[in-house]
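Shown here: final_31.cif, mmCIF, C-alpha atoms.
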```cif
data_target
#
loop_
_atom_site.group_PDB
_atom_site.id
_atom_site.type_symbol
_atom_site.label_atom_id
_atom_site.label_comp_id
_atom_site.auth_asym_id
_atom_site.auth_seq_id
_atom_site.Cartn_x
_atom_site.Cartn_y
_atom_site.Cartn_z
ATOM 1 C CA MET M 1 -35.188 39.194 -88.916
ATOM 2 C CA ILE M 2 -33.016 39.023 -85.794
ATOM 3 C CA ALA M 3 -34.592 37.298 -82.810
ATOM 4 C CA PHE M 4 -35.007 39.209 -79.578
ATOM 5 C CA GLY M 5 -32.230 38.634 -77.114
ATOM 6 C CA SER M 6 -29.585 37.711 -79.702
ATOM 7 C CA ILE M 7 -26.219 39.386 -79.885
ATOM 8 C CA VAL M 8 -25.651 41.257 -83.110
ATOM 9 C CA THR M 9 -22.041 41.432 -84.194
ATOM 10 C CA PHE M 10 -20.709 43.809 -86.817
ATOM 11 C CA VAL M 11 -17.306 43.430 -88.397
ATOM 12 C CA VAL M 12 -15.491 46.651 -88.983
ATOM 13 C CA PRO M 13 -12.074 46.645 -90.644
ATOM 14 C CA LEU M 14 -9.327 48.377 -88.727
ATOM 15 C CA SER M 15 -8.334 50.234 -91.824
ATOM 16 C CA LEU M 16 -11.787 51.851 -91.843
ATOM 17 C CA ILE M 17 -11.700 52.829 -88.153
ATOM 18 C CA HIS M 18 -8.525 54.850 -88.058
ATOM 19 C CA GLN M 19 -5.513 55.339 -90.214
ATOM 20 C CA THR M 20 -2.631 57.700 -89.743
ATOM 21 C CA ASP M 21 0.290 58.718 -91.780
ATOM 22 C CA GLY M 22 3.787 58.931 -90.504
ATOM 23 C CA SER M 23 3.210 62.356 -88.986
ATOM 24 C CA GLY M 24 0.433 61.082 -86.694
ATOM 25 C CA GLU M 25 -2.185 63.056 -88.582
ATOM 26 C CA GLY M 26 -5.381 61.148 -89.266
ATOM 27 C CA LYS M 27 -6.421 60.693 -92.868
ATOM 28 C CA ALA M 28 -9.399 59.201 -94.620
ATOM 29 C CA PRO M 29 -9.147 55.452 -95.372
ATOM 30 C CA PRO M 30 -8.943 54.356 -99.019
ATOM 31 C CA ALA M 31 -12.158 53.348 -100.725
ATOM 32 C CA LEU M 32 -12.814 49.626 -101.129
ATOM 33 C CA PRO M 33 -13.021 48.082 -104.573
ATOM 34 C CA PRO M 34 -16.609 47.392 -105.759
ATOM 35 C CA SER M 35 -16.058 43.633 -105.667
ATOM 36 C CA ALA M 36 -14.834 43.851 -102.076
ATOM 37 C CA SER M 37 -17.831 45.972 -101.045
ATOM 38 C CA ARG M 38 -20.302 43.476 -102.531
ATOM 39 C CA SER M 39 -18.519 40.594 -100.872
ATOM 40 C CA LEU M 40 -18.547 42.412 -97.544
ATOM 41 C CA ARG M 41 -22.291 43.136 -97.714
ATOM 42 C CA GLN M 42 -23.108 39.505 -98.591
ATOM 43 C CA LYS M 43 -21.035 38.168 -95.742
ATOM 44 C CA ASP M 44 -22.521 40.696 -93.258
ATOM 45 C CA ILE M 45 -26.026 39.514 -94.191
ATOM 46 C CA GLN M 46 -25.011 35.872 -93.769
ATOM 47 C CA SER M 47 -23.362 36.723 -90.455
ATOM 48 C CA ASN M 48 -26.497 38.401 -89.090
ATOM 49 C CA ASN M 49 -28.758 35.544 -90.124
ATOM 50 C CA ASN M 50 -26.525 33.007 -88.376
ATOM 51 C CA HIS M 51 -25.826 35.287 -85.344
ATOM 52 C CA ALA M 52 -22.116 34.942 -86.116
ATOM 53 C CA ALA M 53 -19.344 37.443 -86.252
ATOM 54 C CA SER M 54 -16.988 36.551 -89.025
ATOM 55 C CA VAL M 55 -15.804 37.942 -92.311
ATOM 56 C CA THR M 56 -13.258 36.077 -94.398
ATOM 57 C CA PRO M 57 -9.789 37.630 -94.376
ATOM 58 C CA ASP M 58 -9.661 37.727 -98.134
ATOM 59 C CA VAL M 59 -12.030 40.667 -98.126
ATOM 60 C CA ILE M 60 -10.025 42.878 -95.868
ATOM 61 C CA ASN M 61 -7.202 42.418 -93.432
ATOM 62 C CA ASN M 62 -7.345 42.714 -89.643
ATOM 63 C CA PRO M 63 -11.116 42.729 -88.958
ATOM 64 C CA VAL M 64 -12.370 43.937 -85.573
ATOM 65 C CA ALA M 65 -15.674 42.649 -84.118
ATOM 66 C CA VAL M 66 -17.908 45.265 -82.507
ATOM 67 C CA VAL M 67 -20.543 43.570 -80.324
ATOM 68 C CA VAL M 68 -23.889 45.300 -79.713
ATOM 69 C CA PRO M 69 -25.675 43.828 -76.641
ATOM 70 C CA PRO M 70 -29.367 42.925 -76.887
ATOM 71 C CA PRO M 71 -31.912 45.410 -75.497
ATOM 72 C CA VAL M 72 -32.794 44.906 -71.856
ATOM 73 C CA PHE M 73 -36.094 46.024 -70.294
ATOM 74 C CA SER M 74 -35.764 47.140 -66.693
ATOM 75 C CA PRO M 75 -38.544 47.826 -64.153
ATOM 76 C CA SER M 76 -36.814 51.099 -63.405
ATOM 77 C CA ALA M 77 -37.480 52.190 -66.982
ATOM 78 C CA VAL M 78 -41.213 51.619 -66.445
ATOM 79 C CA SER M 79 -41.009 53.537 -63.166
ATOM 80 C CA VAL M 80 -39.341 56.460 -64.903
ATOM 81 C CA SER M 81 -42.059 56.415 -67.555
ATOM 82 C CA ASN M 82 -44.785 56.471 -64.879
ATOM 83 C CA ARG M 83 -43.097 59.359 -63.105
ATOM 84 C CA ARG M 84 -42.888 61.237 -66.368
ATOM 85 C CA MET M 85 -46.639 60.728 -66.945
ATOM 86 C CA LYS M 86 -47.408 61.954 -63.434
ATOM 87 C CA SER M 87 -45.116 64.909 -63.995
ATOM 88 C CA ASP M 88 -46.995 65.772 -67.185
ATOM 89 C CA ALA M 89 -50.319 65.557 -65.328
ATOM 90 C CA ASN M 90 -49.001 67.821 -62.549
ATOM 91 C CA ALA M 91 -47.731 70.237 -65.156
ATOM 92 C CA THR M 92 -51.268 70.438 -66.556
ATOM 93 C CA PHE M 93 -52.684 71.200 -63.109
ATOM 94 C CA HIS M 94 -49.949 73.790 -62.533
ATOM 95 C CA GLU M 95 -50.798 75.510 -65.799
ATOM 96 C CA ILE M 96 -54.536 75.622 -64.979
ATOM 97 C CA GLU M 97 -54.012 77.037 -61.493
ATOM 98 C CA ARG M 98 -51.326 79.496 -62.577
ATOM 99 C CA ASN M 99 -53.607 80.808 -65.336
ATOM 100 C CA ALA M 100 -56.479 81.059 -62.841
ATOM 101 C CA LEU M 101 -54.359 83.185 -60.518
ATOM 102 C CA ILE M 102 -53.201 85.376 -63.399
ATOM 103 C CA ALA M 103 -56.825 85.990 -64.440
ATOM 104 C CA PHE M 104 -57.696 86.741 -60.804
ATOM 105 C CA TYR M 105 -54.821 89.240 -60.620
ATOM 106 C CA ASP M 106 -55.904 91.012 -63.804
ATOM 107 C CA SER M 107 -59.592 91.198 -62.801
ATOM 108 C CA ALA M 108 -58.788 92.518 -59.316
ATOM 109 C CA LYS M 109 -56.403 95.180 -60.732
ATOM 110 C CA GLY M 110 -53.305 93.603 -59.274
ATOM 111 C CA ALA M 111 -51.069 96.431 -60.476
ATOM 112 C CA ASP M 112 -52.745 98.661 -57.841
ATOM 113 C CA TRP M 113 -52.466 96.253 -54.910
ATOM 114 C CA THR M 114 -50.772 97.316 -51.724
ATOM 115 C CA ASN M 115 -48.507 94.282 -51.806
ATOM 116 C CA ALA M 116 -48.120 92.090 -54.908
ATOM 117 C CA THR M 117 -44.772 90.490 -54.071
ATOM 118 C CA ASN M 118 -43.731 87.881 -56.681
ATOM 119 C CA TRP M 119 -47.062 88.013 -58.521
ATOM 120 C CA MET M 120 -46.710 87.552 -62.307
ATOM 121 C CA ASP M 121 -43.000 86.690 -61.991
ATOM 122 C CA GLU M 122 -42.520 83.883 -64.497
ATOM 123 C CA TYR M 123 -39.397 82.639 -62.727
ATOM 124 C CA ILE M 124 -41.091 82.201 -59.340
ATOM 125 C CA ARG M 125 -43.573 79.445 -58.522
ATOM 126 C CA TYR M 126 -47.073 80.755 -57.902
ATOM 127 C CA CYS M 127 -47.005 79.013 -54.512
ATOM 128 C CA ASP M 128 -44.543 81.732 -53.467
ATOM 129 C CA TRP M 129 -46.711 84.635 -54.589
ATOM 130 C CA LYS M 130 -48.006 86.992 -51.908
ATOM 131 C CA GLY M 131 -51.021 85.480 -50.113
ATOM 132 C CA VAL M 132 -50.890 82.112 -51.920
ATOM 133 C CA THR M 133 -50.367 78.865 -50.005
ATOM 134 C CA CYS M 134 -50.084 75.430 -51.641
ATOM 135 C CA ASP M 135 -50.221 71.857 -50.366
ATOM 136 C CA ASP M 136 -47.120 69.945 -49.264
ATOM 137 C CA ASN M 137 -46.424 68.795 -52.823
ATOM 138 C CA LYS M 138 -46.543 72.365 -54.136
ATOM 139 C CA SER M 139 -49.148 71.211 -56.649
ATOM 140 C CA HIS M 140 -52.459 72.841 -55.684
ATOM 141 C CA VAL M 141 -53.508 76.131 -54.130
ATOM 142 C CA THR M 142 -55.137 75.527 -50.747
ATOM 143 C CA LYS M 143 -55.252 79.085 -49.392
ATOM 144 C CA LEU M 144 -55.623 82.576 -50.847
ATOM 145 C CA ASN M 145 -55.449 85.340 -48.247
ATOM 146 C CA LEU M 146 -55.298 88.918 -49.551
ATOM 147 C CA THR M 147 -57.259 90.711 -46.866
ATOM 148 C CA SER M 148 -56.786 94.515 -46.682
ATOM 149 C CA ASN M 149 -54.555 94.556 -49.745
ATOM 150 C CA GLY M 150 -56.170 97.181 -51.982
ATOM 151 C CA LEU M 151 -57.998 94.800 -54.325
ATOM 152 C CA SER M 152 -60.642 96.349 -56.573
ATOM 153 C CA GLY M 153 -62.209 95.550 -59.929
ATOM 154 C CA ARG M 154 -64.143 92.295 -59.792
ATOM 155 C CA LEU M 155 -63.707 88.685 -58.725
ATOM 156 C CA SER M 156 -62.750 86.569 -61.751
ATOM 157 C CA GLU M 157 -64.723 83.467 -62.726
ATOM 158 C CA SER M 158 -61.381 81.655 -62.880
ATOM 159 C CA ILE M 159 -61.509 81.376 -59.088
ATOM 160 C CA GLY M 160 -63.605 78.257 -59.685
ATOM 161 C CA ASN M 161 -60.552 76.478 -61.159
ATOM 162 C CA LEU M 162 -58.766 76.460 -57.799
ATOM 163 C CA THR M 163 -60.732 73.385 -56.793
ATOM 164 C CA SER M 164 -58.443 72.347 -53.904
ATOM 165 C CA MET M 165 -58.745 75.654 -52.087
ATOM 166 C CA GLU M 166 -59.864 75.470 -48.463
ATOM 167 C CA VAL M 167 -59.425 79.089 -47.352
ATOM 168 C CA LEU M 168 -60.429 82.208 -49.308
ATOM 169 C CA ASP M 169 -60.125 85.538 -47.496
ATOM 170 C CA LEU M 170 -60.596 88.690 -49.592
ATOM 171 C CA SER M 171 -62.149 90.796 -46.849
ATOM 172 C CA ASP M 172 -61.546 94.534 -46.357
ATOM 173 C CA ASN M 173 -61.007 95.423 -50.022
ATOM 174 C CA ASP M 174 -63.085 97.159 -52.689
ATOM 175 C CA ILE M 175 -64.107 94.346 -55.045
ATOM 176 C CA LYS M 176 -67.255 95.195 -56.976
ATOM 177 C CA ALA M 177 -69.843 93.445 -59.186
ATOM 178 C CA SER M 178 -71.523 90.161 -58.300
ATOM 179 C CA ILE M 179 -69.943 87.097 -56.754
ATOM 180 C CA PRO M 180 -69.347 84.677 -59.664
ATOM 181 C CA THR M 181 -71.353 81.462 -59.666
ATOM 182 C CA GLU M 182 -68.105 79.556 -60.278
ATOM 183 C CA LEU M 183 -67.303 80.109 -56.616
ATOM 184 C CA GLY M 184 -69.783 77.317 -55.919
ATOM 185 C CA LYS M 185 -67.352 74.828 -57.499
ATOM 186 C CA LEU M 186 -65.024 75.123 -54.502
ATOM 187 C CA SER M 187 -66.488 72.143 -52.680
ATOM 188 C CA SER M 188 -63.443 71.853 -50.389
ATOM 189 C CA LEU M 189 -63.834 75.372 -49.049
ATOM 190 C CA ILE M 190 -63.843 75.589 -45.237
ATOM 191 C CA TYR M 191 -63.289 79.298 -44.624
ATOM 192 C CA LEU M 192 -64.826 82.032 -46.807
ATOM 193 C CA ARG M 193 -64.594 85.745 -46.022
ATOM 194 C CA LEU M 194 -65.794 88.287 -48.583
ATOM 195 C CA SER M 195 -66.926 90.889 -46.044
ATOM 196 C CA TYR M 196 -66.308 94.643 -46.305
ATOM 197 C CA ASN M 197 -66.212 94.853 -50.093
ATOM 198 C CA ALA M 198 -68.702 96.209 -52.633
ATOM 199 C CA PHE M 199 -70.261 93.012 -53.959
ATOM 200 C CA THR M 200 -73.774 93.371 -55.388
ATOM 201 C CA GLY M 201 -76.585 91.090 -56.513
ATOM 202 C CA ALA M 202 -77.452 87.639 -55.203
ATOM 203 C CA ALA M 203 -74.965 85.295 -53.608
ATOM 204 C CA PRO M 204 -74.419 82.145 -55.719
ATOM 205 C CA GLU M 205 -76.682 79.170 -55.058
ATOM 206 C CA GLY M 206 -73.607 76.936 -54.919
ATOM 207 C CA LEU M 207 -72.862 78.227 -51.414
ATOM 208 C CA ALA M 208 -75.651 75.985 -50.149
ATOM 209 C CA GLU M 209 -73.788 72.918 -51.500
ATOM 210 C CA MET M 210 -70.516 73.542 -49.671
ATOM 211 C CA ARG M 211 -70.655 70.728 -47.152
ATOM 212 C CA GLU M 212 -67.242 71.463 -45.623
ATOM 213 C CA LEU M 213 -67.936 75.146 -44.940
ATOM 214 C CA GLN M 214 -67.375 76.200 -41.332
ATOM 215 C CA LEU M 215 -67.188 79.985 -41.649
ATOM 216 C CA LEU M 216 -69.007 82.347 -44.019
ATOM 217 C CA GLN M 217 -68.870 86.145 -43.700
ATOM 218 C CA LEU M 218 -70.623 88.304 -46.298
ATOM 219 C CA GLN M 219 -71.475 91.443 -44.309
ATOM 220 C CA SER M 220 -70.918 95.056 -45.395
ATOM 221 C CA ASN M 221 -71.650 94.444 -49.064
ATOM 222 C CA ARG M 222 -74.789 95.068 -51.104
ATOM 223 C CA ILE M 223 -75.825 91.462 -51.516
ATOM 224 C CA THR M 224 -79.576 91.323 -52.103
ATOM 225 C CA ASN M 225 -80.217 87.617 -51.592
ATOM 226 C CA ILE M 226 -78.577 84.686 -49.860
ATOM 227 C CA PRO M 227 -79.534 81.073 -50.645
ATOM 228 C CA THR M 228 -80.848 78.873 -47.889
ATOM 229 C CA ILE M 229 -77.640 77.639 -46.340
ATOM 230 C CA PRO M 230 -77.804 74.915 -43.682
ATOM 231 C CA ARG M 231 -76.900 76.099 -40.215
ATOM 232 C CA LEU M 232 -73.116 75.960 -39.919
ATOM 233 C CA ILE M 233 -71.399 74.262 -37.029
ATOM 234 C CA ASP M 234 -70.595 77.167 -34.699
ATOM 235 C CA ASN M 235 -68.488 75.427 -32.078
ATOM 236 C CA ILE M 236 -65.293 76.671 -33.774
ATOM 237 C CA HIS M 237 -65.877 80.336 -34.617
ATOM 238 C CA GLY M 238 -68.857 80.944 -32.314
ATOM 239 C CA GLN M 239 -71.183 83.814 -33.190
ATOM 240 C CA SER M 240 -68.974 84.863 -36.131
ATOM 241 C CA THR M 241 -69.642 81.630 -38.009
ATOM 242 C CA PHE M 242 -72.216 83.000 -40.459
ATOM 243 C CA VAL M 243 -72.516 86.782 -40.762
ATOM 244 C CA ALA M 244 -74.582 88.803 -43.270
ATOM 245 C CA ASP M 245 -76.404 92.136 -43.637
ATOM 246 C CA CYS M 246 -79.650 90.898 -42.116
ATOM 247 C CA GLY M 247 -79.912 93.549 -39.398
ATOM 248 C CA VAL M 248 -82.180 96.572 -38.990
ATOM 249 C CA PRO M 249 -81.983 99.357 -40.088
ATOM 250 C CA SER M 250 -81.086 98.045 -43.518
ATOM 251 C CA ASP M 251 -79.662 99.597 -46.674
ATOM 252 C CA PHE M 252 -82.469 97.883 -48.575
ATOM 253 C CA ASP M 253 -86.225 98.422 -48.573
ATOM 254 C CA GLU M 254 -86.511 95.150 -46.679
ATOM 255 C CA ALA M 255 -83.902 93.604 -44.462
ATOM 256 C CA LEU M 256 -82.035 90.660 -45.946
ATOM 257 C CA GLU M 257 -83.476 87.342 -44.830
ATOM 258 C CA CYS M 258 -80.960 84.988 -43.295
ATOM 259 C CA ASP M 259 -82.629 82.617 -40.884
ATOM 260 C CA ASN M 260 -79.489 80.575 -40.226
ATOM 261 C CA CYS M 261 -77.120 83.495 -39.714
ATOM 262 C CA THR M 262 -75.382 83.505 -36.346
ATOM 263 C CA MET M 263 -74.882 87.279 -36.517
ATOM 264 C CA CYS M 264 -76.611 90.121 -38.382
ATOM 265 C CA CYS M 265 -75.148 93.499 -39.307
ATOM 266 C CA ASN M 266 -77.153 96.633 -40.136
ATOM 267 C CA ALA M 267 -76.668 99.808 -42.165
ATOM 268 C CA ASP M 268 -74.791 101.413 -39.271
ATOM 269 C CA ASP M 269 -72.201 98.602 -39.317
ATOM 270 C CA ASP M 270 -73.468 97.398 -35.976
ATOM 271 C CA CYS M 271 -73.499 93.627 -35.674
ATOM 272 C CA TYR M 272 -75.377 91.600 -33.100
ATOM 273 C CA PRO M 273 -75.850 87.883 -32.492
ATOM 274 C CA GLN M 274 -78.940 86.290 -33.895
ATOM 275 C CA GLU M 275 -80.164 83.789 -31.377
ATOM 276 C CA GLU M 276 -82.094 80.731 -32.427
ATOM 277 C CA THR M 277 -85.781 81.670 -32.534
ATOM 278 C CA GLN M 278 -88.656 79.713 -31.032
ATOM 279 C CA VAL M 279 -89.710 78.795 -34.554
ATOM 280 C CA GLN M 280 -86.261 77.277 -35.254
ATOM 281 C CA LYS M 281 -86.412 75.409 -31.980
ATOM 282 C CA LEU M 282 -89.604 73.778 -33.282
ATOM 283 C CA GLY M 283 -87.584 72.365 -36.170
ATOM 284 C CA MET M 284 -88.534 74.947 -38.813
ATOM 285 C CA LYS M 285 -86.043 76.918 -40.885
ATOM 286 C CA GLY M 286 -87.603 80.304 -40.150
ATOM 287 C CA TYR M 287 -90.692 82.481 -39.973
ATOM 288 C CA LYS M 288 -91.380 82.061 -43.670
ATOM 289 C CA GLU M 289 -91.778 78.327 -43.301
ATOM 290 C CA PHE M 290 -93.806 78.876 -40.132
ATOM 291 C CA GLY M 291 -96.100 81.287 -42.002
ATOM 292 C CA VAL M 292 -96.667 78.795 -44.818
ATOM 293 C CA ILE M 293 -97.553 76.053 -42.346
ATOM 294 C CA LEU M 294 -99.846 78.387 -40.400
ATOM 295 C CA PHE M 295 -101.643 79.459 -43.580
ATOM 296 C CA ALA M 296 -102.111 75.842 -44.624
ATOM 297 C CA CYS M 297 -103.588 75.060 -41.212
ATOM 298 C CA PHE M 298 -105.945 78.031 -41.519
ATOM 299 C CA ILE M 299 -107.191 76.861 -44.941
ATOM 300 C CA ALA M 300 -107.687 73.342 -43.589
ATOM 301 C CA LEU M 301 -109.666 74.716 -40.618
ATOM 302 C CA CYS M 302 -111.862 76.801 -42.922
ATOM 303 C CA CYS M 303 -112.585 73.751 -45.054
ATOM 304 C CA MET M 304 -113.563 71.739 -41.989
ATOM 305 C CA ILE M 305 -115.890 74.493 -40.745
ATOM 306 C CA ALA M 306 -117.482 74.786 -44.184
ATOM 307 C CA PHE M 307 -117.979 71.044 -44.327
ATOM 308 C CA LEU M 308 -119.613 70.972 -40.879
ATOM 309 C CA LEU M 309 -121.902 73.861 -41.818
ATOM 310 C CA TYR M 310 -122.869 72.019 -44.995
ATOM 311 C CA ILE M 311 -123.665 68.834 -43.050
ATOM 312 C CA THR M 312 -125.694 70.798 -40.502
ATOM 313 C CA ALA M 313 -127.669 72.621 -43.201
ATOM 314 C CA ARG M 314 -128.231 69.382 -45.069
ATOM 315 C CA ARG M 315 -129.645 67.689 -41.993
ATOM 316 C CA LYS M 316 -131.837 70.665 -41.294
ATOM 317 C CA ASP M 317 -133.207 70.543 -44.850
ATOM 318 C CA ILE M 318 -133.882 66.843 -44.539
ATOM 319 C CA GLY M 319 -135.644 67.375 -41.215
ATOM 320 C CA ASN M 320 -137.851 70.138 -42.630
ATOM 321 C CA SER M 321 -138.692 67.979 -45.623
ATOM 322 C CA LEU M 322 -139.786 65.073 -43.439
ATOM 323 C CA THR M 323 -141.903 67.365 -41.251
ATOM 324 C CA SER M 324 -143.670 68.844 -44.259
ATOM 325 C CA GLU M 325 -144.338 65.383 -45.672
ATOM 326 C CA MET M 326 -145.829 64.145 -42.421
ATOM 327 C CA GLU M 327 -148.059 67.206 -42.123
ATOM 328 C CA THR M 328 -149.299 66.608 -45.649
ATOM 329 C CA ARG M 329 -150.282 63.032 -44.873
ATOM 330 C CA ILE M 330 -152.174 64.052 -41.772
#
```

In structure tokens, how does this file's structure come out?
Amino acid sequence: MIAFGSIVTFVVPLSLIHQTDGSGEGKAPPALPPSASRSLRQKDIQSNNNHAASVTPDVINNPVAVVVPPPVFSPSAVSVSNRRMKSDANATFHEIERNALIAFYDSAKGADWTNATNWMDEYIRYCDWKGVTCDDNKSHVTKLNLTSNGLSGRLSESIGNLTSMEVLDLSDNDIKASIPTELGKLSSLIYLRLSYNAFTGAAPEGLAEMRELQLLQLQSNRITNIPTIPRLIDNIHGQSTFVADCGVPSDFDEALECDNCTMCCNADDDCYPQEETQVQKLGMKGYKEFGVILFACFIALCCMIAFLLYITARRKDIGNSLTSEMETRI
């Protein structure tokens, strides 16, 4: 076995490297006799074991030594390997996000969009597709803005795979069906507009867990229920911070409850600010919570009155009993 760092030397006869005839044309070298071949192999083995580079001239004339340098490990090689691993990881993310956008396109009937520039073009990065914006490294989708672009169909569950997205604006389209629960996975979302579509059913509970959310507009849909979402900071977008169909008259039998909405819209598409109520100023989330507390207080008051009446009646019975006993003794 050859030790690491040693120089391995092979002896190659000139007659085996190149041989020409008088015309300059190359021709195959003559075969060695068997005895010469065995001798050459034995001496090569001895040469490698001793890290030498010699073959006796009696085997073959004019030997040439070909030196193979020992392998060298360079930090740059490790760096290249690390970059390759990172590149493979990025390629995985690219594949996931590209497939998510493709599924979104198919579900929203992308072939009928008003403008679908570059979408589904396999030779163009998805970051350059219409309405798609990526981060500085062109690795992750951070913004998807396709407002008023003729979208229909439904919103694909694959939207939840765009986990770095901060802005999603699909307003003024005709997207139907319910909002997928996978939307709640977008924990980095800051700006969400799904207004003026045809969404139905309940809004996903995950909306209440979006801690970075600063704007949420769900009006002019047929959403029947909205989870209790903490009051959004409205010093950026003002009264348009949180808008839903909580106005009167309503398209539903009962108006949608949205205690923390900053603006409510009604069936006539009229929207008006919803000021903070006196109940909210007391630290309660809304009239429902106030009603529960009021009912609990009423039950407690009834119990206290019943207890006092019981004590009064008990004392009266004791007093009557003592009076009767005294009259009997007299």

Checklist entry - Taking into account all atoms listed in the file, which residue in the set M:Gly238, M:Gly131, M:Gly184, M:Pro230 is nearest to Ile159 of chain M? => result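 Nearest candidate to Ile159 of chain M out of M:Gly238, M:Gly131, M:Gly184, M:Pro230: M:Gly184.
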
Item to check | Two-atom distance - atom CA of Arg231 of chain M, atom CA of Cys261 of chain M (Å) | outcome: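 Those two atoms sit 7.4 Å apart.
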
Checklist entry - Which residues come within 10 Å of segment 96-98 of chain M, counting all atoms listed in the file, excluding same-chain residues fewer than 4 positions away, as a list in words? => result Asn90, Ala91, Thr92, Ile102, Ala103, Phe104, Met120, Arg125, Tyr126, Cys127, Ser139, His140, Val141, Ser158, Ile159, Gly160, Asn161, Leu162, Thr163 and Ser164 of chain M

Checklist entry - Using all atoms listed in the file, which residue out of M:Met210, M:Leu309, M:Ala108, M:Ala116 lies closest to Asp174 of chain M? => result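 The closest residue to Asp174 of chain M is M:Ala108.
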
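Near Lys176 of chain M, within 6 Å and counting all atoms listed in the file, sit Gly153, Arg154, Ala198 and Phe199 of chain M, not including residues fewer than 3 positions from it in the same chain.
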
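This file gives the following result for the PyMOL selection byres ((chain M and resi 196) around 8): Ser171, Asp172, Asn173, Asp174, Leu194, Ser195, Asn197, Ala198, Leu218, Gln219, Ser220 and Asn221 of chain M.
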
Output C-alpha atoms for every residue in the selection just made, as an mmCIF file, in the coordinates of the input.
```cif
data_model
loop_
_atom_site.group_PDB
_atom_site.id
_atom_site.type_symbol
_atom_site.label_atom_id
_atom_site.label_comp_id
_atom_site.auth_asym_id
_atom_site.auth_seq_id
_atom_site.Cartn_x
_atom_site.Cartn_y
_atom_site.Cartn_z
ATOM 1 C CA SER M 171 -62.149 90.796 -46.849
ATOM 2 C CA ASP M 172 -61.546 94.534 -46.357
ATOM 3 C CA ASN M 173 -61.007 95.423 -50.022
ATOM 4 C CA ASP M 174 -63.085 97.159 -52.689
ATOM 5 C CA LEU M 194 -65.794 88.287 -48.583
ATOM 6 C CA SER M 195 -66.926 90.889 -46.044
ATOM 7 C CA ASN M 197 -66.212 94.853 -50.093
ATOM 8 C CA ALA M 198 -68.702 96.209 -52.633
ATOM 9 C CA LEU M 218 -70.623 88.304 -46.298
ATOM 10 C CA GLN M 219 -71.475 91.443 -44.309
ATOM 11 C CA SER M 220 -70.918 95.056 -45.395
ATOM 12 C CA ASN M 221 -71.650 94.444 -49.064
#
```

Item to check | Point-to-point distance from atom CA of Leu183 of chain M to atom CA of Val167 of chain M, Å rounded to tenths | outcome: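 Distance reported for this atom pair: 12.2 Å.
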
Checklist entry - Do you know which residues the PyMOL selection byres ((chain M and resi 189) around 7) returns on this file, as JSON, numbers by chain? => result {"M": [165, 166, 167, 186, 187, 188, 190, 191, 210, 212, 213]}

Next on the checklist: One number please: atom CA of Arg211 of chain M to atom CA of His237 of chain M, in Å, one decimal.
Outcome noted: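 Going from atom CA of Arg211 of chain M over to atom CA of His237 of chain M, I get 16.5 Å.
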